[in-house]
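Since the structure comes first, as structure tokens, the remarks are kept for the end.
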Amino acid sequence: MPLHFLTAEQDAGARPRDEMPPRSDQDFWRRPYRLGPWRVAFAALTLLIAAYLLISAMIIALAGGPTAATATVTAGMLAIAFALRLLRMGIWVSSRGVRRVGLLTTRTLRWREIARVRTVQQPVKWLGLPRSVQGQALAIERRRGEPLRTLLTDHSADFLTRPEAFDRAADVLEAWAAEGVTGQIGRAEG
């Protein structure tokens, strides 16, 4: 069973500018980069804790405490859901637009709402913590509306020790945006 949410379809450069998906494939969202080791390690640790909770729930149920066993199973299931959502977080693209999947929210922007995607030098959060360091960030400029939060940074859980992976992902997202924006304009004029 392929787990598309764990890796990029091929490599970070999997979708060059001239290979936009066909219109019938517009609902197929793909991540243009591979997950980073920090995100995978944290999700694996969370799944290990979930396994411990589920084994504890079985022992508690066999000992005769159904209420405590139910609470422990619920905590284990919440840990599994958290780990899966953690692996799902990130930036996804399709011919329709760009989607930012967060821990609790998902935000989708159509290509026609985007003016430009570019890489900028700015203070960024280190692993999403309050500590800021100087780094690179991928920013979206919208045609109208409030400014968006930073899409990707080179100090996030996916790119912390992999600056070349950040550069490839930023290039791919900029190419998707350039193709998506010009494709939307061409369809609107035609």
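Residue names in the structure tokens use chain letters A, B, ... in the order shown, residue numbers from 1 in each chain, and ligand numbers from 1 in the order shown.
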Spatial neighbours of range 86-93 of chain A, max dist 10 Å, only C-alpha atoms, sep filter under 3 positions, as an NGL selection string
:A and (4-7 or 26-33 or 35-36 or 39-40 or 42-44 or 46 or 80-83 or 96-111 or 151-152 or 157-158 or 169 or 172-173 or 176-177 or 180)
Among range 144-178 of chain A, which ones does DSSP place in helix (DSSP H, G or I), written as a list in words?
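Of range 144-178 of chain A, only Pro163, Glu164, Ala165, Phe166, Asp167, Arg168, Ala169, Ala170, Asp171, Val172, Leu173, Glu174, Ala175, Trp176, Ala177 and Ala178 of chain A fall in helix (DSSP H, G or I).
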Report, in Å with one decimal, the straight-line distance from CA of Arg168 in chain A to CA of Leu127 in chain A.
19.2 Å
Contacts of Arg149 in chain A within 12 Å, only C-alpha atoms, excl. fewer than 6 positions in-chain, as a PDB file with all heavy atoms, in the first residue's frame:
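The file below, selection.pdb, is the result:
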ATOM      1  N   ARG A 100      -2.019  24.605   2.400  1.00  0.00           N
ATOM      2  CA  ARG A 100      -1.174  24.548   3.590  1.00  0.00           C
ATOM      3  C   ARG A 100      -1.937  23.787   4.652  1.00  0.00           C
ATOM      4  O   ARG A 100      -2.961  24.236   5.147  1.00  0.00           O
ATOM      5  CB  ARG A 100      -0.858  25.956   4.078  1.00  0.00           C
ATOM      6  CG  ARG A 100       0.045  25.971   5.279  1.00  0.00           C
ATOM      7  CD  ARG A 100       0.287  27.395   5.743  1.00  0.00           C
ATOM      8  NE  ARG A 100       1.204  27.438   6.831  1.00  0.00           N
ATOM      9  CZ  ARG A 100       0.874  27.188   8.103  1.00  0.00           C
ATOM     10  NH1 ARG A 100      -0.363  26.907   8.415  1.00  0.00           N
ATOM     11  NH2 ARG A 100       1.773  27.242   9.043  1.00  0.00           N
ATOM     12  N   GLY A 102      -2.069  22.477   8.308  1.00  0.00           N
ATOM     13  CA  GLY A 102      -1.529  22.666   9.644  1.00  0.00           C
ATOM     14  C   GLY A 102      -2.006  21.562  10.565  1.00  0.00           C
ATOM     15  O   GLY A 102      -2.667  20.604  10.138  1.00  0.00           O
ATOM     16  N   ARG A 107      -5.666  25.338   4.796  1.00  0.00           N
ATOM     17  CA  ARG A 107      -5.978  26.537   4.017  1.00  0.00           C
ATOM     18  C   ARG A 107      -5.603  26.290   2.574  1.00  0.00           C
ATOM     19  O   ARG A 107      -4.474  25.902   2.280  1.00  0.00           O
ATOM     20  CB  ARG A 107      -5.182  27.714   4.581  1.00  0.00           C
ATOM     21  CG  ARG A 107      -5.311  28.996   3.838  1.00  0.00           C
ATOM     22  CD  ARG A 107      -6.386  29.840   4.485  1.00  0.00           C
ATOM     23  NE  ARG A 107      -6.660  31.005   3.693  1.00  0.00           N
ATOM     24  CZ  ARG A 107      -6.456  32.235   4.092  1.00  0.00           C
ATOM     25  NH1 ARG A 107      -5.951  32.458   5.284  1.00  0.00           N
ATOM     26  NH2 ARG A 107      -6.765  33.235   3.319  1.00  0.00           N
ATOM     27  N   VAL A 124      13.193  33.564  10.978  1.00  0.00           N
ATOM     28  CA  VAL A 124      12.245  32.450  10.929  1.00  0.00           C
ATOM     29  C   VAL A 124      12.297  31.703  12.258  1.00  0.00           C
ATOM     30  O   VAL A 124      13.282  31.772  12.984  1.00  0.00           O
ATOM     31  CB  VAL A 124      12.560  31.483   9.755  1.00  0.00           C
ATOM     32  CG1 VAL A 124      12.382  32.184   8.427  1.00  0.00           C
ATOM     33  CG2 VAL A 124      13.949  30.906   9.872  1.00  0.00           C
ATOM     34  N   LYS A 125      11.232  30.983  12.544  1.00  0.00           N
ATOM     35  CA  LYS A 125      11.189  30.202  13.779  1.00  0.00           C
ATOM     36  C   LYS A 125      11.985  28.917  13.604  1.00  0.00           C
ATOM     37  O   LYS A 125      11.889  28.249  12.579  1.00  0.00           O
ATOM     38  CB  LYS A 125       9.747  29.889  14.168  1.00  0.00           C
ATOM     39  CG  LYS A 125       9.005  31.122  14.585  1.00  0.00           C
ATOM     40  CD  LYS A 125       7.627  30.774  15.068  1.00  0.00           C
ATOM     41  CE  LYS A 125       6.935  32.031  15.546  1.00  0.00           C
ATOM     42  NZ  LYS A 125       5.643  31.735  16.114  1.00  0.00           N
ATOM     43  N   ALA A 137      12.736  31.939   3.830  1.00  0.00           N
ATOM     44  CA  ALA A 137      11.330  31.556   3.919  1.00  0.00           C
ATOM     45  C   ALA A 137      10.700  31.684   2.541  1.00  0.00           C
ATOM     46  O   ALA A 137      11.104  32.515   1.735  1.00  0.00           O
ATOM     47  CB  ALA A 137      10.600  32.447   4.914  1.00  0.00           C
ATOM     48  N   LEU A 138       9.726  30.845   2.284  1.00  0.00           N
ATOM     49  CA  LEU A 138       8.967  30.916   1.043  1.00  0.00           C
ATOM     50  C   LEU A 138       7.679  31.674   1.357  1.00  0.00           C
ATOM     51  O   LEU A 138       6.895  31.245   2.204  1.00  0.00           O
ATOM     52  CB  LEU A 138       8.662  29.519   0.522  1.00  0.00           C
ATOM     53  CG  LEU A 138       8.142  29.452  -0.892  1.00  0.00           C
ATOM     54  CD1 LEU A 138       9.263  29.805  -1.864  1.00  0.00           C
ATOM     55  CD2 LEU A 138       7.614  28.085  -1.208  1.00  0.00           C
ATOM     56  N   ALA A 139       7.483  32.796   0.699  1.00  0.00           N
ATOM     57  CA  ALA A 139       6.341  33.671   0.993  1.00  0.00           C
ATOM     58  C   ALA A 139       5.420  33.753  -0.214  1.00  0.00           C
ATOM     59  O   ALA A 139       5.868  33.721  -1.357  1.00  0.00           O
ATOM     60  CB  ALA A 139       6.832  35.061   1.367  1.00  0.00           C
ATOM     61  N   ILE A 140       4.118  33.866   0.070  1.00  0.00           N
ATOM     62  CA  ILE A 140       3.107  34.052  -0.976  1.00  0.00           C
ATOM     63  C   ILE A 140       2.602  35.480  -0.922  1.00  0.00           C
ATOM     64  O   ILE A 140       2.230  35.971   0.136  1.00  0.00           O
ATOM     65  CB  ILE A 140       1.921  33.090  -0.780  1.00  0.00           C
ATOM     66  CG1 ILE A 140       2.298  31.696  -1.198  1.00  0.00           C
ATOM     67  CG2 ILE A 140       0.725  33.545  -1.574  1.00  0.00           C
ATOM     68  CD1 ILE A 140       1.145  30.745  -1.218  1.00  0.00           C
ATOM     69  N   GLU A 141       2.599  36.125  -2.070  1.00  0.00           N
ATOM     70  CA  GLU A 141       1.975  37.438  -2.199  1.00  0.00           C
ATOM     71  C   GLU A 141       0.619  37.218  -2.860  1.00  0.00           C
ATOM     72  O   GLU A 141       0.538  36.718  -3.973  1.00  0.00           O
ATOM     73  CB  GLU A 141       2.844  38.361  -3.050  1.00  0.00           C
ATOM     74  CG  GLU A 141       4.163  38.705  -2.417  1.00  0.00           C
ATOM     75  CD  GLU A 141       5.006  39.581  -3.316  1.00  0.00           C
ATOM     76  OE1 GLU A 141       4.473  40.139  -4.299  1.00  0.00           O
ATOM     77  OE2 GLU A 141       6.210  39.686  -3.038  1.00  0.00           O
ATOM     78  N   ARG A 142      -0.429  37.597  -2.142  1.00  0.00           N
ATOM     79  CA  ARG A 142      -1.781  37.447  -2.673  1.00  0.00           C
ATOM     80  C   ARG A 142      -2.172  38.647  -3.500  1.00  0.00           C
ATOM     81  O   ARG A 142      -1.644  39.734  -3.331  1.00  0.00           O
ATOM     82  CB  ARG A 142      -2.761  37.276  -1.517  1.00  0.00           C
ATOM     83  CG  ARG A 142      -2.521  35.995  -0.759  1.00  0.00           C
ATOM     84  CD  ARG A 142      -3.485  35.827   0.356  1.00  0.00           C
ATOM     85  NE  ARG A 142      -4.835  35.736  -0.173  1.00  0.00           N
ATOM     86  CZ  ARG A 142      -5.908  35.721   0.592  1.00  0.00           C
ATOM     87  NH1 ARG A 142      -5.802  35.793   1.881  1.00  0.00           N
ATOM     88  NH2 ARG A 142      -7.104  35.640   0.051  1.00  0.00           N
TER      89      ARG A 142
END
Rounded to one decimal, what separation in Å do you get between CA of Leu54 in chain A and CA of Thr74 in chain A?
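Separation between CA of Leu54 in chain A and CA of Thr74 in chain A: 8.9 Å.
Going from CA of Met58 in chain A to CA of Gly76 in chain A covers 11.3 Å.
Candidate residues A:Gln134, A:Ile114, A:Pro37, A:Ala178 were compared for distance to Glu146 in chain A, and the nearest is A:Ile114, using only C-alpha atoms.
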Based on DSSP run over this structure's backbone, return all residues of range 79-150 of chain A in strand (DSSP E), as a PyMOL selection string.
chain A and resi 90-93+97-101+106-110+114-125+132-142
